[in-house]
Every structure is written in C-alpha cells, then in structure tokens.
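Comments concern the structure below.
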Amino acid sequence: MSTRRRRAALAVAVATLFAATATPSAGAAATVGGTFPPSGGAAQCGADRTFLQYSIPADGVITSWRFQADNNPPQLKLKIGRPTGTANEFTIVGDSDLKTPAINQLNAYPAGVPVRAGDLLGFYVTGGMGGLSDCLSGVPGAGTTVFTRLGEAGVNSTSTFNPSPDQQLDLAATLEPDCDADGFGDESQDAAVDCVAPDTQITKGPKPKTRRKRAKFEFSSEPGVAFECALNGAPFAPCASPFVVKAKKGKNEFSVRARDSANNVDPTAASLAWKVRKKRARL
C-alpha cells in the first residue's frame with residue numbers, strides 16, 4: 001500500500017473514532033474512543049508507559065473496554081486519568097487488572113470503573129511481551145492529543161504527562177449511565193434499577209380569579225406513586241387527590257409532585273396559581 005493510501009485509510013479511521021466518541025443521550029450507553037487495525041501507518045507504543053487520551057463525555061461507569069491486538073501485543077491495564085487543573089497533569093482515579101491480549105484480534109474485557117465527565121481514557125503498556133506493539137495512529141493535522149508518561153501511573157497518583165499531538169490510541173470503552181450512583185452500569189450490570197422520575201399533572205383546580213378561599217385540587221401521575229403538596233412556598237408534605245386547601249386573599253400558588261416506589265421525585269412539580277378576591281360588601 002502506498003504512503004498516500006495509508007494516510008487516507010488512517011484518516012478515515014480517525015474520523016470514525018471521532019464519531020464514536022459522542023455525548024450519550026440520557027439513560028443510554030455510549031462508545032468512547034475507538035480501535036483500529038495496527039497496520040498501515042500505526043506507530044509503536046513503547047514499553048512501560050502510561051497513555052491517556054479519550055475524554056469521557058458524561059458521568060457513569062466504564063463497563064467494558066477493547067483493544068485491537070497485532071501479532072505481538074503488549075500486556076495492558078486500563079487507566080482513567082482526571083485533570084487536576086494544572087496543564088498536562090492528571091490523577092489516576094481508576095484502572096483494571098493486567099490483561100494479556102490474544103494476538104491478531106479484537107480483545108474485549110469487562111470492567112466496572114466509575115468515571116466523571118472530563119476524565120481521560122487510556123492504558124498502561126508493560127515492559128513484558130510485545131511492549132513495542134503498534135497501538136498508536138498518527139495523522140498530521142488530526143487535532144488529537146495523546147498524553148504519555150514513562151512508567152505506570154498508579155491509582156491515586158498525580159503525574160505530569162507529555163502531550164503528543166496528532167496521535168490516536170487503539171482503545172475503546174463502553175460508558176453506561178449510573179443514575180443511582182452505586183458503581184454499576186445501569187444497562188448491563190444494574191438493569192433492574194429505576195431512575196426515571198414520574199410526571200405530575202393537576203387535572204382540576206380553582207378558577208384564575210375567585211372569591212372563595214377554599215380551593216379543591218385533583219391531580220394524577222403514574223400508578224403506584226405517592227404525592228406531596230405545598231401551598232405558597234411552604235415545605236412539601238404528603239397529600240392525596242382530591243386535596244383541599246384554605247387560601248389567603250390575593251395571589252396563591254399550589255404545587256404538587258409525585259414520588260415513585262424507587263424514591264424518584266418529579267423534579268418539576270405541577271403548579272397552579274390563582275387569586276382570591278375580596279368579597280363584595282353587602283348593601
């Protein structure tokens with residue numbers, strides 16, 4: 001394959017990797033990073049080095065990761081780096097145990113590493129086996145940066161890394177949401193979890209303007225929920241539909257929210273505002 005064709009093929013691979021690292025929609029798994037065949041312009045990683053690159057787009061859990069091995073792959077550890085706020089400085093906040101990839105194939109490993117948006121995904125390459133495996137791609141003008149340091153950066157250690165522009169790691173991971181923050185991915189590790197808040201509607205209430213202080217409300221949500229009501233900014237308290245309140249003269253506002261059996265609360269309580277007018281004076 002000519003040098004021009006290799007660069008073109010690698011450019012397509014880089015574009016594919018960028019497309020793979022997308023911001024996940026709420027409650028959906030996402031792929032971070034990407035793998036590529038270690039040939040046609042790929043570069044050697046070098047032995048006994050820690051690499052970081054792909055930015056995690058949302059809080060969640062890394063539930064698996066993948067590496068495309070050549071015929072002489074290195075032993076690897078997944079690494080998660082968190083920026084400290086100082087340029088090129090990262091704290092390692094999570095990793096995996098040491099993996100020995102099978103040659104000439106895509107290797108996939110289960111994981112369970114909690115991450116935050118902005119963390120970087122990477123790996124450590126040991127000095128054993130094929131430490132000089134092809135696991136970097138280099139495309140001029142790609143705009144991507146791999147951060148590298150010599151030796152293994154252990155969990156809770158903080159180090160300064162060297163930036164290498166226009167590089168791409170042969171690494172991909174699955175990011176899943178963790179809505180109950182228990183350290184397990186909601187889709188493959190904690191599938192029974194319910195983190196969807198109920199929606200609340202007020203179906204009946206007073207007219208916008210009335211002379212009656214007594215007001216009756218009816219409201220609804222999904223089956224099996226409990227309701228909490230509040231009048232004029234007071235704390236929410238348990239209630240049930242229908243619910244009667246005694247309003248003051250002038251402007252009033254009634255709010256109600258549903259809470260389901262998993263303790264998810266409607267974050268946008270249903271509200272209704274009305275005004276109690278003064279009664280007409282008797283002649």
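Convention: chains lettered A, B, ... in structure tokens order; per-chain residue numbering from 1; ligands numbered from 1 as shown.
The environment of Lys278 (chain A) within 10 Å, counting only C-alpha atoms and disregarding residues fewer than 6 places along the same chain, consists of Thr210, Arg211, Arg212, Lys213, Lys249 and Gly250 of chain A.
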Let me see the file: selected residues, C-alpha atoms, as an mmCIF file, in the first residue's frame.
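As written to disk, result21.cif reads:
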data_model
loop_
_atom_site.group_PDB
_atom_site.id
_atom_site.type_symbol
_atom_site.label_atom_id
_atom_site.label_comp_id
_atom_site.auth_asym_id
_atom_site.auth_seq_id
_atom_site.Cartn_x
_atom_site.Cartn_y
_atom_site.Cartn_z
ATOM 1 C CA THR A 210 -62.429 33.622 42.700
ATOM 2 C CA ARG A 211 -63.881 34.936 45.945
ATOM 3 C CA ARG A 212 -63.704 31.529 47.632
ATOM 4 C CA LYS A 213 -60.804 30.877 49.994
ATOM 5 C CA LYS A 249 -56.674 36.814 49.990
ATOM 6 C CA GLY A 250 -54.648 37.837 46.988
#
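In this comparison, which uses only C-alpha atoms, the residue of A:Phe147, A:Tyr109, A:Phe236, A:Phe227 approaching Phe90 (chain A) most closely is A:Phe147.
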Quick one: everything within 6 Å of Ile62 (chain A), counting only C-alpha atoms, minus sequence neighbours fewer than 5 positions away in the same chain. Send it as a VMD selection string. chain A and resid 112 to 113 174 to 175
Within 12 Å of Ala87 (chain A), counting only C-alpha atoms, which residues show up once you throw out same-chain ones fewer than 5 positions away? Write them as a short mmCIF file (atom, residue, chain, number, x, y, z; two decimals) with C-alpha atoms, in the first residue's frame, please.
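Result written to result_25.cif:
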data_model
loop_
_atom_site.label_atom_id
_atom_site.label_comp_id
_atom_site.auth_asym_id
_atom_site.auth_seq_id
_atom_site.Cartn_x
_atom_site.Cartn_y
_atom_site.Cartn_z
CA ARG A 82 -8.65 13.04 35.91
CA PHE A 147 -0.69 12.25 26.91
CA SER A 159 1.75 12.99 37.45
CA THR A 160 2.71 15.37 34.69
CA PHE A 161 2.26 13.83 31.23
CA ASN A 162 3.89 14.78 27.94
CA PRO A 163 1.42 15.77 25.17
#
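Interatomic distance, CA of Leu78 (chain A) to CA of Asp166 (chain A): 21.4 Å.
For the pair CA of Thr148 (chain A) and CA of Asp70 (chain A), the interatomic distance is 21.0 Å.
Of the listed residues (A:Val93, A:Ala30, A:Ala273, A:Leu121), A:Leu121 comes nearest to Tyr54 (chain A); the distances count only C-alpha atoms.
You will find CA of Ser188 (chain A) at 24.8 Å from CA of Ile92 (chain A).
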Distance query Ser221 (chain A) at most 12 Å, only C-alpha atoms, self and fewer than 4 positions along chain excluded, as number ranges by chain: A: 197-203, 225-228, 240-241, 256-260, 265-266, 269-270
Would you kindly return, as an MDAnalysis selection string, each protein, DNA or RNA residue with an atom no farther than 7 Å from any atom of region 99-101 of chain A, considering only C-alpha atoms and excluding same-chain residues fewer than 5 positions away? chainID A and resid 69 73 75:77 107
All residues 6 Å or closer to region 171-173 of chain A, only C-alpha atoms, same chain fewer than 3 positions away omitted, as a list of chain:residue names: A:Thr31, A:Val32, A:Gly33, A:Gly34, A:Thr35, A:Ser64, A:Trp65, A:Arg66, A:Phe67
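Using only C-alpha atoms, the smallest distance between any of A:Val193, A:Ala102, A:Leu52, A:Val245 and Ala153 (chain A) comes from A:Leu52.
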